[in-house]
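Worksheet: the structure to be examined is printed underneath.
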Amino acid sequence: MSARPIPFYPVLRAREALGRGGDLASRLDRPGATRLSHARAGLRLIAQALGSGRVLVPDFLCASAVDPFAAAGLEVERYRIGPDLTADLDDLRARVGHGARAAMMVSYFGLPQPIDEFSAICREAGAVLIDDAAHSVLSDHAGRPYGTFGDAGVVSVRKTLATPDGAVLFGSLVPSADGLAPDRPPSARYAVRTIARRADAALRTDVLGRRARARSGALPDGAGPQEEERAGWSLITERVVRGAHVVDERERRRRSFAAWNALLDGAGAEPIAAPTSPPGAGPSGFPVRVTDEERFARRMRELRVEWIRWPDRPEDSAEFPRGVGLLPTHTLPAE
């Protein structure tokens, strides 16, 4: 086992910043797709387009994915998420059948949801299907990218790849991104942070790495300041997307996902998903249910791994009242 520190989010490499020849850009540049700085901007536009009514969202979700609907005046109702992070279809069916305007399907961390069944339930009830695939930019279902199912959907680049921003809004529900600044978001601060993290690793000082690992697992502060929502991407994001190869990146993450199972034996945490991710899945993280906080934190320090706890409102979920521990998949843990 190498002692090389593993950051939770991938750190930009020079060859990625000079990207070209990949296929992710063509995957995202679909007819009607709108480039945005953040996925939450897409959800805000979707909420505004819905107008009024009741929208169903899972009971396990971050504030930035719920607040846009409440702010738009929609009535937000929760449906249950099961122990494997998939939608409780019986609960969804019972709730959507009472005149719901829309239902949101969330594919957590690039892992699958019962898309066909979820879609059929919405279709039969006449409800708008919102495909929130913010974690799933690399995932496919039956050869079709996540985020493109239903009437509207979003994916995020920055939650998976080494970029400061980047999201895409799909579907015909939202006619345009009017109201969002069309400027390219600045990426100078991200570039400085990237250089600092690279220097920290190259010089083996590990000052920034130790600081990040010391804060691992703390619940995020959903009330903190957020970056401005804009239309368009920064230049760094444009370049990274242009050079990203979906299959290569997906397979690397699938190998990392599978490797985590053995490393967690006796570590005070239980994997939530199946030992291997299913075909088409491109995991953006490896979720675990932490059963022994002290033992798990000690094991992560031994591995020199940064991890996060997700989401910022775990108390909303009866199944995951403390949220989940999320481990990185952008590199093999044993590398």
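Residue numbers start at 1 in each chain; chains themselves are named A, B, ... in the order of the structure tokens; ligands are numbered from 1 in the order shown.
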
Hey, could you make a per-residue contact list for stretch 286-324 of chain A against stretch 105-115 of chain A with 12 Å as the cut-off, showing the nearest pair of atoms and its distance in Å to one decimal, counting only C-alpha atoms, sorted by chain and number, as a tab-separated table?
```
residue	atom	partner	partner_atom	distance
A:Phe286	CA	A:Phe109	CA	7.3
A:Pro287	CA	A:Phe109	CA	7.8
A:Val288	CA	A:Phe109	CA	11.5
A:Trp310	CA	A:Phe109	CA	10.5
A:Pro311	CA	A:Tyr108	CA	10.8
A:Val324	CA	A:Tyr108	CA	11.0
```

* To do: Would you kindly return, as a ChimeraX atom specification, each protein, DNA or RNA residue with an atom no farther than 10 Å from any atom of stretch 153-157 of chain A, considering only C-alpha atoms and excluding same-chain residues fewer than 5 positions away?
  => /A:24,28,33-43,46,104-106,129-138,145-148,162-173,237,240-241

Could you save those same residues with N, CA and C atoms as a tab-separated table (two decimals), in the first residue's frame?
```tsv
chain	number	residue	atom	x	y	z
A	24	LEU	N	-16.26	13.15	-24.27
A	24	LEU	CA	-17.25	13.65	-23.32
A	24	LEU	C	-17.98	14.87	-23.87
A	28	LEU	N	-22.13	15.55	-24.16
A	28	LEU	CA	-22.86	16.61	-23.46
A	28	LEU	C	-23.51	17.61	-24.41
A	33	ALA	N	-29.30	21.13	-25.27
A	33	ALA	CA	-28.55	21.17	-24.02
A	33	ALA	C	-28.07	22.60	-23.74
A	34	THR	N	-28.07	22.96	-22.46
A	34	THR	CA	-27.64	24.29	-22.03
A	34	THR	C	-26.49	24.15	-21.05
A	35	ARG	N	-25.38	24.81	-21.33
A	35	ARG	CA	-24.23	24.77	-20.42
A	35	ARG	C	-24.42	25.77	-19.29
A	36	LEU	N	-24.19	25.30	-18.07
A	36	LEU	CA	-24.33	26.13	-16.88
A	36	LEU	C	-23.10	25.93	-15.99
A	37	SER	N	-22.88	26.86	-15.07
A	37	SER	CA	-21.75	26.72	-14.17
A	37	SER	C	-22.01	25.64	-13.12
A	38	HIS	N	-23.26	25.51	-12.63
A	38	HIS	CA	-23.58	24.58	-11.55
A	38	HIS	C	-24.90	23.87	-11.84
A	39	ALA	N	-25.00	22.63	-11.38
A	39	ALA	CA	-26.24	21.87	-11.59
A	39	ALA	C	-27.41	22.52	-10.87
A	40	ARG	N	-27.16	23.16	-9.72
A	40	ARG	CA	-28.26	23.79	-8.99
A	40	ARG	C	-28.91	24.91	-9.81
A	41	ALA	N	-28.12	25.53	-10.72
A	41	ALA	CA	-28.71	26.54	-11.60
A	41	ALA	C	-29.74	25.90	-12.52
A	42	GLY	N	-29.44	24.68	-13.01
A	42	GLY	CA	-30.40	23.97	-13.84
A	42	GLY	C	-31.65	23.61	-13.07
A	43	LEU	N	-31.50	23.17	-11.83
A	43	LEU	CA	-32.68	22.83	-11.02
A	43	LEU	C	-33.52	24.08	-10.75
A	46	ILE	N	-35.52	24.68	-13.85
A	46	ILE	CA	-36.59	23.68	-13.94
A	46	ILE	C	-37.73	24.04	-13.00
A	104	MET	N	-38.69	13.95	-8.87
A	104	MET	CA	-37.26	13.99	-9.15
A	104	MET	C	-36.63	12.63	-8.87
A	105	MET	N	-35.91	12.11	-9.85
A	105	MET	CA	-35.14	10.88	-9.70
A	105	MET	C	-33.67	11.27	-9.55
A	106	VAL	N	-33.03	10.80	-8.47
A	106	VAL	CA	-31.63	11.14	-8.20
A	106	VAL	C	-30.78	9.88	-8.30
A	129	LEU	N	-40.99	14.21	-15.16
A	129	LEU	CA	-39.86	13.50	-14.60
A	129	LEU	C	-38.62	14.38	-14.68
A	130	ILE	N	-38.00	14.64	-13.53
A	130	ILE	CA	-36.76	15.40	-13.44
A	130	ILE	C	-35.63	14.41	-13.15
A	131	ASP	N	-34.69	14.32	-14.05
A	131	ASP	CA	-33.58	13.37	-13.93
A	131	ASP	C	-32.36	14.10	-13.38
A	132	ASP	N	-32.23	14.08	-12.04
A	132	ASP	CA	-31.09	14.74	-11.39
A	132	ASP	C	-29.92	13.75	-11.37
A	133	ALA	N	-29.03	13.92	-12.33
A	133	ALA	CA	-27.86	13.05	-12.46
A	133	ALA	C	-26.59	13.86	-12.23
A	134	ALA	N	-26.63	14.77	-11.26
A	134	ALA	CA	-25.49	15.63	-11.00
A	134	ALA	C	-24.23	14.83	-10.68
A	135	HIS	N	-24.40	13.64	-10.06
A	135	HIS	CA	-23.25	12.80	-9.71
A	135	HIS	C	-22.87	11.82	-10.81
A	136	SER	N	-23.56	11.86	-11.94
A	136	SER	CA	-23.53	10.71	-12.86
A	136	SER	C	-23.18	11.07	-14.29
A	137	VAL	N	-22.25	12.00	-14.48
A	137	VAL	CA	-21.92	12.45	-15.82
A	137	VAL	C	-21.30	11.33	-16.67
A	138	LEU	N	-20.77	10.28	-16.04
A	138	LEU	CA	-20.14	9.18	-16.78
A	138	LEU	C	-21.04	7.97	-16.94
A	145	PRO	N	-27.10	8.31	-21.86
A	145	PRO	CA	-26.50	8.97	-20.69
A	145	PRO	C	-27.53	9.36	-19.64
A	146	TYR	N	-27.16	9.21	-18.38
A	146	TYR	CA	-27.98	9.72	-17.29
A	146	TYR	C	-28.13	11.23	-17.45
A	147	GLY	N	-29.26	11.72	-16.98
A	147	GLY	CA	-29.58	13.13	-17.11
A	147	GLY	C	-30.46	13.43	-18.29
A	148	THR	N	-30.54	12.49	-19.24
A	148	THR	CA	-31.32	12.71	-20.47
A	148	THR	C	-32.67	11.99	-20.45
A	162	ALA	N	-11.85	17.04	-12.60
A	162	ALA	CA	-11.07	18.13	-11.99
A	162	ALA	C	-11.36	19.44	-12.70
A	163	THR	N	-12.50	20.06	-12.39
A	163	THR	CA	-12.89	21.33	-12.99
A	163	THR	C	-13.46	22.24	-11.91
A	164	PRO	N	-13.39	23.56	-12.12
A	164	PRO	CA	-13.94	24.49	-11.13
A	164	PRO	C	-15.44	24.69	-11.25
A	165	ASP	N	-16.03	24.28	-12.35
A	165	ASP	CA	-17.44	24.49	-12.60
A	165	ASP	C	-17.85	23.55	-13.72
A	166	GLY	N	-19.08	23.67	-14.20
A	166	GLY	CA	-19.52	22.87	-15.34
A	166	GLY	C	-20.70	21.98	-15.04
A	167	ALA	N	-21.81	22.27	-15.70
A	167	ALA	CA	-23.02	21.45	-15.61
A	167	ALA	C	-23.76	21.60	-16.92
A	168	VAL	N	-24.70	20.70	-17.16
A	168	VAL	CA	-25.51	20.77	-18.37
A	168	VAL	C	-26.97	20.52	-17.99
A	169	LEU	N	-27.85	21.31	-18.56
A	169	LEU	CA	-29.29	21.14	-18.42
A	169	LEU	C	-29.83	20.54	-19.70
A	170	PHE	N	-30.55	19.43	-19.58
A	170	PHE	CA	-31.13	18.75	-20.74
A	170	PHE	C	-32.66	18.87	-20.71
A	171	GLY	N	-33.27	18.65	-21.87
A	171	GLY	CA	-34.72	18.55	-21.95
A	171	GLY	C	-35.37	19.80	-22.51
A	172	SER	N	-36.64	19.66	-22.86
A	172	SER	CA	-37.39	20.75	-23.49
A	172	SER	C	-38.24	21.54	-22.52
A	173	LEU	N	-38.22	21.18	-21.25
A	173	LEU	CA	-39.07	21.87	-20.28
A	173	LEU	C	-38.66	23.32	-20.09
A	237	THR	N	-12.70	24.21	-17.61
A	237	THR	CA	-13.71	23.17	-17.80
A	237	THR	C	-13.84	22.79	-19.26
A	240	VAL	N	-10.86	20.48	-20.08
A	240	VAL	CA	-10.93	19.15	-19.46
A	240	VAL	C	-11.99	18.30	-20.14
A	241	VAL	N	-13.16	18.87	-20.40
A	241	VAL	CA	-14.24	18.13	-21.05
A	241	VAL	C	-13.83	17.70	-22.45
```

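Using only C-alpha atoms for every distance, the candidate list A:Arg289, A:Arg30, A:Arg299, A:Arg198 yields A:Arg289 as the residue closest to A:Pro321.
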
* For stretch 91-98 of chain A, please output as a list of chain:residue names all residues within 8 Å (counting only C-alpha atoms; exclusion window: fewer than 5 positions along the same chain). => A:Leu56, A:Tyr79, A:Arg80, A:Ala103, A:Ile121, A:Cys122, A:Ala125, A:Ala127

* Looking only at the backbone, which of the residues in stretch 33-221 of chain A does DSSP tag as strand (DSSP E or B), as a PyMOL selection string? -> chain A and resi 34-36+54-58+75-79+81+87+102-106+128-133+140-141+144-145+152-156+167-171+181

* Asked: Could you name the residues that touch stretch 254-263 of chain A at 12 Å or less, counting only C-alpha atoms, but leaving out those on the same chain fewer than 5 positions away, as a ChimeraX atom specification?
  -> /A:1,109-111,138-139,247-249,268-288,296,299-300,302-303,305,326-335

Keeping C-alpha atoms for every residue in the selection just given, could you write it to a file as a CSV table (one decimal), in the first residue's frame?
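Output (part36.csv):
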```csv
chain,number,residue,atom,x,y,z
A,1,MET,CA,0.0,0.0,0.0
A,109,PHE,CA,-22.8,8.9,-6.9
A,110,GLY,CA,-23.1,7.6,-10.5
A,111,LEU,CA,-24.9,4.4,-9.3
A,138,LEU,CA,-20.1,9.2,-16.8
A,139,SER,CA,-23.1,6.8,-16.3
A,247,VAL,CA,-15.1,4.8,-21.2
A,248,ASP,CA,-11.5,5.1,-19.9
A,249,GLU,CA,-12.6,7.3,-17.0
A,268,GLY,CA,-16.0,0.5,11.0
A,269,ALA,CA,-18.0,1.0,7.8
A,270,GLU,CA,-20.3,-1.1,5.6
A,271,PRO,CA,-20.5,-0.6,1.8
A,272,ILE,CA,-24.0,0.5,0.8
A,273,ALA,CA,-23.9,-0.5,-2.9
A,274,ALA,CA,-23.2,-3.9,-4.5
A,275,PRO,CA,-19.5,-4.9,-4.4
A,276,THR,CA,-19.1,-4.1,-8.1
A,277,SER,CA,-20.8,-1.3,-9.9
A,278,PRO,CA,-23.2,-2.5,-12.7
A,279,PRO,CA,-22.4,-2.1,-16.4
A,280,GLY,CA,-22.8,1.4,-17.6
A,281,ALA,CA,-22.2,3.0,-14.1
A,282,GLY,CA,-19.4,5.5,-13.7
A,283,PRO,CA,-19.1,5.9,-9.9
A,284,SER,CA,-18.2,9.4,-8.7
A,285,GLY,CA,-17.8,8.1,-5.2
A,286,PHE,CA,-18.0,4.9,-3.0
A,287,PRO,CA,-20.8,5.3,-0.3
A,288,VAL,CA,-20.6,3.6,3.1
A,296,PHE,CA,-13.4,4.4,10.4
A,299,ARG,CA,-8.6,3.7,9.0
A,300,MET,CA,-8.9,6.6,6.6
A,302,GLU,CA,-3.9,5.1,7.9
A,303,LEU,CA,-4.8,5.1,4.2
A,305,VAL,CA,-7.6,9.3,2.3
A,326,LEU,CA,-18.3,9.0,0.6
A,327,LEU,CA,-14.8,7.8,-0.6
A,328,PRO,CA,-13.0,8.9,-3.7
A,329,THR,CA,-13.0,6.8,-6.9
A,330,HIS,CA,-10.9,8.9,-9.2
A,331,THR,CA,-7.8,6.8,-8.5
A,332,LEU,CA,-7.2,3.3,-7.2
A,333,PRO,CA,-6.8,3.3,-3.4
A,334,ALA,CA,-3.8,1.0,-3.6
A,335,GLU,CA,-1.9,3.0,-6.2
```

* Asked: Can you list, as number ranges by chain, every residue of stretch 78-252 of chain A that DSSP puts in helix (DSSP H, G or I)?
  -> A: 89-96, 108-110, 115-125, 188-202, 207-214, 235-243, 246-252

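Within 9 Å of stretch 216-218 of chain A there are Arg211, Ala212, Arg213, Ala214, Pro220, Asp221, Ala297, Val305, Glu306, Trp307, Ile308, Arg309, Trp310, Gly325 and Leu326 of chain A, counting only C-alpha atoms and ignoring same-chain residues fewer than 2 positions away.
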
* Between atom CA of A:Arg295 and atom CA of A:Pro10, what is the distance, to one decimal in Å? ->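 That distance, rounded to one decimal, is 25.2 Å.
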
* To do: Give the answer as one residue: which of A:Arg301, A:Thr86, A:Ala65, A:Glu77 has the shortest atom-to-atom distance to A:Arg215, using only C-alpha atoms?
  =>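 Among A:Arg301, A:Thr86, A:Ala65, A:Glu77, it is A:Arg301 that comes nearest to A:Arg215.
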